[in-house]
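query_20.cif, holding mmCIF, C-alpha atoms:
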```
data_query
loop_
_atom_site.label_atom_id
_atom_site.label_comp_id
_atom_site.auth_asym_id
_atom_site.auth_seq_id
_atom_site.Cartn_x
_atom_site.Cartn_y
_atom_site.Cartn_z
CA MET A 289 0.00 0.00 0.00
CA SER A 290 1.36 3.45 -0.90
CA GLU A 291 1.98 6.06 1.79
CA LEU A 292 -0.84 8.27 0.46
CA ALA A 293 -3.26 5.32 0.35
CA ALA A 294 -2.32 4.38 3.92
CA PHE A 295 -2.79 8.00 5.05
CA SER A 296 -6.20 8.27 3.35
CA ALA A 297 -7.41 4.94 4.74
CA GLN A 298 -6.38 5.86 8.29
CA LEU A 299 -7.87 9.35 7.98
CA LEU A 300 -11.23 7.71 7.25
CA ARG A 301 -10.89 4.97 9.90
CA ARG A 302 -9.21 6.95 12.70
CA PRO A 303 -9.65 10.69 12.06
CA ARG A 304 -8.89 11.72 15.67
CA GLU A 305 -5.56 9.87 15.53
CA VAL A 306 -4.56 11.31 12.17
CA SER A 307 -5.73 14.88 12.91
CA ALA A 308 -4.70 16.20 9.49
CA ILE A 309 -6.46 16.60 6.18
CA ALA A 310 -3.32 15.90 4.14
CA PRO A 311 0.19 14.56 4.75
CA SER A 312 2.79 17.18 5.68
CA SER A 313 4.17 18.94 2.61
CA LEU A 314 7.80 18.77 1.58
CA HIS A 315 8.08 22.45 2.62
CA LEU A 316 6.85 21.78 6.16
CA CYS A 317 9.00 18.64 6.48
CA ARG A 318 12.12 20.53 5.43
CA ALA A 319 11.30 23.41 7.79
CA MET A 320 11.01 20.97 10.70
CA ALA A 321 14.23 19.13 9.84
CA ALA A 322 16.06 22.45 9.46
CA GLN A 323 15.43 23.13 13.16
CA ILE A 324 17.47 20.09 14.23
CA PRO A 325 20.80 21.31 15.65
CA ARG A 326 23.72 20.55 13.32
CA SER A 327 25.52 18.70 16.12
CA ALA A 328 22.50 16.41 16.73
CA ARG A 329 22.97 12.70 16.28
CA ARG A 330 20.16 10.93 18.16
CA ILE A 331 16.61 11.93 17.25
CA ALA A 332 13.12 10.79 18.30
CA GLU A 333 10.04 11.51 16.25
CA PHE A 334 6.53 11.55 17.75
CA GLY A 335 3.58 10.87 15.44
CA PRO A 336 5.51 10.25 12.21
CA GLY A 337 2.42 9.01 10.34
CA THR A 338 3.62 7.63 7.01
CA GLY A 339 7.10 9.13 7.34
CA ASN A 340 7.24 12.39 5.39
CA VAL A 341 9.09 14.21 8.18
CA THR A 342 11.18 11.07 8.81
CA ARG A 343 12.50 11.31 5.25
CA ALA A 344 13.45 14.97 5.79
CA ILE A 345 15.25 14.09 9.04
CA ILE A 346 17.33 11.46 7.25
CA ASP A 347 17.96 13.92 4.40
CA VAL A 348 19.67 16.38 6.79
CA GLY A 349 22.19 13.69 7.72
CA ILE A 350 20.71 11.79 10.65
CA GLU A 351 21.58 8.10 10.36
CA PRO A 352 18.51 5.81 10.32
CA GLU A 353 20.04 3.78 13.18
CA ASP A 354 20.00 6.95 15.33
CA LEU A 355 16.30 7.61 14.77
CA SER A 356 13.47 6.30 16.99
CA LEU A 357 9.85 6.71 15.91
CA PHE A 358 6.81 6.60 18.23
CA GLU A 359 3.54 5.99 16.39
CA ILE A 360 0.31 4.62 17.92
CA ASN A 361 -1.34 3.72 14.61
CA PRO A 362 -0.42 0.10 13.72
CA ALA A 363 -1.04 0.60 9.99
CA PHE A 364 1.36 3.55 9.93
CA CYS A 365 3.92 1.47 11.86
CA GLN A 366 3.79 -1.16 9.10
CA VAL A 367 4.42 1.51 6.44
CA LEU A 368 7.29 2.99 8.47
CA ARG A 369 8.96 -0.39 9.06
CA ALA A 370 8.72 -1.26 5.37
CA THR A 371 10.00 2.14 4.21
CA TYR A 372 12.72 2.62 6.86
CA PRO A 373 13.94 -0.85 7.93
CA ALA A 374 16.97 0.50 9.84
CA VAL A 375 14.87 2.91 11.94
CA ALA A 376 13.52 1.83 15.35
CA VAL A 377 9.71 2.00 15.18
CA PHE A 378 7.77 1.78 18.44
CA ASN A 379 4.02 1.15 18.27
CA GLU A 380 3.70 3.13 21.48
CA PRO A 381 2.56 6.57 22.60
CA ALA A 382 5.10 9.38 22.84
CA GLU A 383 5.05 9.18 26.62
CA MET A 384 6.92 5.87 26.29
CA LEU A 385 10.10 7.53 24.95
CA ALA A 386 12.16 5.79 27.65
CA LEU A 387 11.66 2.51 25.73
CA ALA A 388 14.22 3.76 23.20
CA GLY A 389 17.02 3.44 25.75
CA PRO A 390 18.89 5.54 28.27
CA ALA A 391 21.22 7.62 26.08
CA PRO A 392 19.87 11.17 25.73
CA PHE A 393 18.30 12.43 22.54
CA ASP A 394 19.47 15.63 20.89
CA ALA A 395 16.04 16.48 19.46
CA VAL A 396 12.45 15.33 19.48
CA VAL A 397 10.51 16.16 16.31
CA SER A 398 6.74 16.03 16.75
CA GLY A 399 3.80 15.90 14.41
CA LEU A 400 1.34 15.27 17.24
CA PRO A 401 -1.82 17.40 17.33
CA LEU A 402 -1.05 19.14 20.64
CA LEU A 403 -3.78 21.74 20.18
CA SER A 404 -6.47 19.05 20.32
CA MET A 405 -5.06 17.41 23.47
CA SER A 406 -5.91 17.99 27.09
CA ALA A 407 -3.48 19.90 29.29
CA ALA A 408 -2.59 16.69 31.15
CA THR A 409 -1.77 14.85 27.92
CA GLN A 410 0.28 17.78 26.58
CA GLU A 411 2.26 17.93 29.80
CA ALA A 412 2.85 14.16 29.87
CA ILE A 413 4.15 14.16 26.27
CA VAL A 414 6.41 17.19 26.59
CA SER A 415 7.67 16.07 30.04
CA ALA A 416 8.58 12.67 28.58
CA ALA A 417 10.37 14.41 25.72
CA PHE A 418 12.46 16.63 27.99
CA SER A 419 13.20 13.70 30.31
CA GLY A 420 14.78 11.97 27.32
CA LEU A 421 16.55 15.02 25.90
CA GLY A 422 20.09 16.07 26.77
CA GLU A 423 20.67 19.42 28.46
CA ASP A 424 20.73 21.31 25.13
CA GLY A 425 18.04 19.17 23.49
CA VAL A 426 15.17 20.71 21.56
CA TYR A 427 11.53 19.77 21.05
CA ILE A 428 10.36 20.67 17.54
CA GLN A 429 6.59 20.87 17.00
CA PHE A 430 4.44 22.17 14.17
CA THR A 431 0.96 23.60 14.48
CA TYR A 432 -1.78 24.81 12.18
CA GLY A 433 -2.95 27.26 14.85
CA PRO A 434 -1.99 30.93 15.26
CA VAL A 435 -0.36 30.52 18.71
CA SER A 436 1.99 28.16 20.50
CA PRO A 437 0.57 24.62 20.46
CA LEU A 438 1.88 24.04 24.00
CA ARG A 439 -0.15 25.84 26.64
CA GLU A 440 1.81 28.73 28.14
CA THR A 441 1.11 27.48 31.69
CA ILE A 442 2.69 24.12 30.85
CA ALA A 443 5.69 25.73 29.16
CA ALA A 444 6.21 27.90 32.25
CA ARG A 445 5.82 24.95 34.64
CA LEU A 446 8.39 22.95 32.65
CA GLY A 447 10.75 25.94 32.36
CA LEU A 448 10.58 26.13 28.57
CA GLY A 449 11.01 28.96 26.13
CA TYR A 450 10.44 28.84 22.39
CA THR A 451 11.19 30.32 19.02
CA ARG A 452 9.09 29.89 15.91
CA THR A 453 9.52 29.93 12.16
CA ARG A 454 7.64 32.05 9.71
CA ARG A 455 4.32 30.58 8.53
CA ILE A 456 4.73 27.85 5.93
CA TRP A 457 2.06 28.67 3.40
CA ARG A 458 2.90 25.77 1.10
CA ASN A 459 1.26 23.21 3.36
CA LEU A 460 -2.39 22.18 3.69
CA PRO A 461 -3.32 23.88 5.95
CA PRO A 462 -0.51 26.41 6.44
CA ALA A 463 1.62 25.66 9.50
CA THR A 464 4.27 27.14 11.80
CA VAL A 465 7.15 25.29 13.46
CA TYR A 466 7.91 25.94 17.15
CA VAL A 467 11.19 24.97 18.81
CA TYR A 468 11.06 24.56 22.59
CA ARG A 469 14.18 24.67 24.78
CA ARG A 470 14.92 24.71 28.44
CA ALA A 471 14.93 28.37 29.44
CA ARG A 472 18.24 29.71 30.72
CA SER A 473 18.26 32.10 33.65
CA ALA A 474 19.75 35.53 33.03
CA ALA A 475 22.54 34.70 35.50
CA SER A 476 23.63 31.62 33.56
CA PRO A 477 26.80 31.91 31.45
#
```

Encoded form using structure tokens:
Amino acid sequence: MSELAAFSAQLLRRPREVSAIAPSSLHLCRAMAAQIPRSARRIAEFGPGTGNVTRAIIDVGIEPEDLSLFEINPAFCQVLRATYPAVAVFNEPAEMLALAGPAPFDAVVSGLPLLSMSAATQEAIVSAAFSGLGEDGVYIQFTYGPVSPLRETIAARLGLGYTRTRRIWRNLPPATVYVYRRARSAASP
């Protein structure tokens, strides 16, 4: 089954899981991958779907063996395993990041629909991400919405700041990429 056919079938069967009307465009995928620090080696991806962002991550030089994907949709996991046999694919929720092993990640790239999630679920996902990230690790998230997809109260509680890209108009719908980092105090060197 092609990636587009798998996406369309799952959109009809499990619309709340898919939470998108179309796969991420090449422009959005490249914008997300461009936010990965150049020194990054170990990457986790949350909600990779059929793997469009995964492809962009590999294209920026991340080795497939250094990539761990967390996808709850079993049909998407089959597509991912067939397309990227050297990548670790976990049919688990993002909160289970610790299953990928103890070494810290340099970045987490997320296609999860944070805006449609409860505050408790958002906090559990982002907390798991930062528990698995190294000190300088980043959490990269896109959103279709006009504001940060992570509630400000949660970002403050977790001590996170963010930057964002310009709007990516060549995506359906248009999207923005947010990069969350641990906030540094003004007294820190």

Result set of the PyMOL selection byres ((chain A and resi 351-361) around 6) on the coordinates above, as a PDB file with C-alpha atoms, keeping the file's coordinate frame:
```pdb
ATOM      1  CA  ARG A 330      20.160  10.930  18.160  1.00  0.00           C
ATOM      2  CA  ILE A 331      16.610  11.930  17.250  1.00  0.00           C
ATOM      3  CA  ALA A 332      13.120  10.790  18.300  1.00  0.00           C
ATOM      4  CA  GLU A 333      10.040  11.510  16.250  1.00  0.00           C
ATOM      5  CA  PHE A 334       6.530  11.550  17.750  1.00  0.00           C
ATOM      6  CA  GLY A 335       3.580  10.870  15.440  1.00  0.00           C
ATOM      7  CA  ILE A 350      20.710  11.790  10.650  1.00  0.00           C
ATOM      8  CA  PRO A 362      -0.420   0.100  13.720  1.00  0.00           C
ATOM      9  CA  ALA A 363      -1.040   0.600   9.990  1.00  0.00           C
ATOM     10  CA  PHE A 364       1.360   3.550   9.930  1.00  0.00           C
ATOM     11  CA  ALA A 374      16.970   0.500   9.840  1.00  0.00           C
ATOM     12  CA  VAL A 375      14.870   2.910  11.940  1.00  0.00           C
ATOM     13  CA  ALA A 376      13.520   1.830  15.350  1.00  0.00           C
ATOM     14  CA  VAL A 377       9.710   2.000  15.180  1.00  0.00           C
ATOM     15  CA  PHE A 378       7.770   1.780  18.440  1.00  0.00           C
ATOM     16  CA  ASN A 379       4.020   1.150  18.270  1.00  0.00           C
ATOM     17  CA  GLU A 380       3.700   3.130  21.480  1.00  0.00           C
ATOM     18  CA  PRO A 381       2.560   6.570  22.600  1.00  0.00           C
ATOM     19  CA  ALA A 382       5.100   9.380  22.840  1.00  0.00           C
TER      20      ALA A 382
END
```

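Look at range 344-348 of chain A: the protein and nucleic acid residues within 6 Å of it, using all atoms listed in the file and passing over chain neighbours fewer than 4 places away, are Cys317, Arg318 and Ala321 of chain A.
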
**OP:** Mind giving me the straight-line distance from CA of Ala412 in chain A to CA of Arg452 in chain A in Å, one decimal?
**Re:**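 The value is 21.9 Å.
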
Original post:
Taking all atoms listed in the file into account, which of A:Pro462, A:Gly433, A:Glu383, A:Val426 comes nearest Gln410 in chain A?
Top reply: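 Selected residue with least distance to Gln410 in chain A: A:Glu383.
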
**OP:** Apply the PyMOL selection byres ((chain A and resi 419-422) around 8) to the file shown and report the selected residues as a list in words.
**Re:**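 Taken on the displayed file, the PyMOL selection byres ((chain A and resi 419-422) around 8) yields the residues Leu385, Ala386, Pro390, Ala391, Pro392, Phe393, Asp394, Ala395, Val396, Ser415, Ala416, Ala417, Phe418, Glu423, Asp424, Gly425 and Val426 of chain A.
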
Output the selection as an mmCIF file, in the frame of the given file - C-alpha atoms for each residue.
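Done, and the output landed in again_11.cif:
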```cif
data_model
loop_
_atom_site.group_PDB
_atom_site.id
_atom_site.type_symbol
_atom_site.label_atom_id
_atom_site.label_comp_id
_atom_site.auth_asym_id
_atom_site.auth_seq_id
_atom_site.Cartn_x
_atom_site.Cartn_y
_atom_site.Cartn_z
ATOM 1 C CA LEU A 385 10.100 7.530 24.950
ATOM 2 C CA ALA A 386 12.160 5.790 27.650
ATOM 3 C CA PRO A 390 18.890 5.540 28.270
ATOM 4 C CA ALA A 391 21.220 7.620 26.080
ATOM 5 C CA PRO A 392 19.870 11.170 25.730
ATOM 6 C CA PHE A 393 18.300 12.430 22.540
ATOM 7 C CA ASP A 394 19.470 15.630 20.890
ATOM 8 C CA ALA A 395 16.040 16.480 19.460
ATOM 9 C CA VAL A 396 12.450 15.330 19.480
ATOM 10 C CA SER A 415 7.670 16.070 30.040
ATOM 11 C CA ALA A 416 8.580 12.670 28.580
ATOM 12 C CA ALA A 417 10.370 14.410 25.720
ATOM 13 C CA PHE A 418 12.460 16.630 27.990
ATOM 14 C CA GLU A 423 20.670 19.420 28.460
ATOM 15 C CA ASP A 424 20.730 21.310 25.130
ATOM 16 C CA GLY A 425 18.040 19.170 23.490
ATOM 17 C CA VAL A 426 15.170 20.710 21.560
#
```

Subject >> Target residues per the PyMOL selection byres ((chain A and resi 467) around 7), formatted as a PyMOL selection string >> reply: chain A and resi 426-429+450-452+465-466+468-469

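Atom pair CA of Gly389 in chain A / CA of Leu368 in chain A has a distance of 19.8 Å (rounded to one decimal).
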
Work out where the centre of an axis-aligned box around every listed atom of range 438-445 of chain A lies and how long its edges are once 6 Å is added on each side; give both in Å to one decimal as lines of an AutoDock Vina configuration file.
```
center_x = 3.0
center_y = 26.4
center_z = 29.3
size_x = 18.4
size_y = 16.7
size_z = 22.6
```

Original post:
Using only C-alpha atoms, which of A:Gly399, A:Pro434, A:Arg343, A:Ile413 sits nearest Leu446 in chain A?
Top reply: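 Among the listed residues, the smallest separation from Leu446 in chain A belongs to A:Ile413.
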
Original post:
For the atom pair CA of Ile442 in chain A and CA of Asn340 in chain A, what is the interatomic distance in Å to one decimal place?
Top reply: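 Spanning CA of Ile442 in chain A to CA of Asn340 in chain A is a straight-line distance of 28.4 Å.
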
Original post:
Within 7 Å of Thr464 in chain A, counting all atoms listed in the file, which residues qualify if same-chain residues fewer than 5 places away don't, as a list in words?
Top reply: Phe430, Thr431, Tyr432, Arg452, Thr453, Arg454, Arg455 and Ile456 of chain A

**OP:** May I ask which of the residues A:Leu403, A:Ala322, A:Ala328, A:Val397 is the closest one to Glu440 in chain A, counting all atoms listed in the file?
**Re:**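 Under the stated criterion, the closest residue is A:Leu403.
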
Subject >> Minimum-distance residue to Thr371 in chain A, chosen among A:Gly349, A:Pro437, A:Pro401, A:Gly339 (using only C-alpha atoms) >> reply: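 Looking at the shortest contact to Thr371 in chain A, the residue is A:Gly339.
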
Original post:
Pick from A:Leu314, A:Leu438, A:Leu460, A:Ala370: nearest to Ser404 in chain A, with only C-alpha atoms counted?
Top reply: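 Of all the options, A:Leu438 lies closest to Ser404 in chain A.
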
Original post:
Between A:Ser312, A:Ser327, A:Thr338, A:Thr441, which has the minimum distance to Val367 in chain A (counting all atoms listed in the file)?
Top reply: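 Among A:Ser312, A:Ser327, A:Thr338, A:Thr441, it is A:Thr338 that comes nearest to Val367 in chain A.
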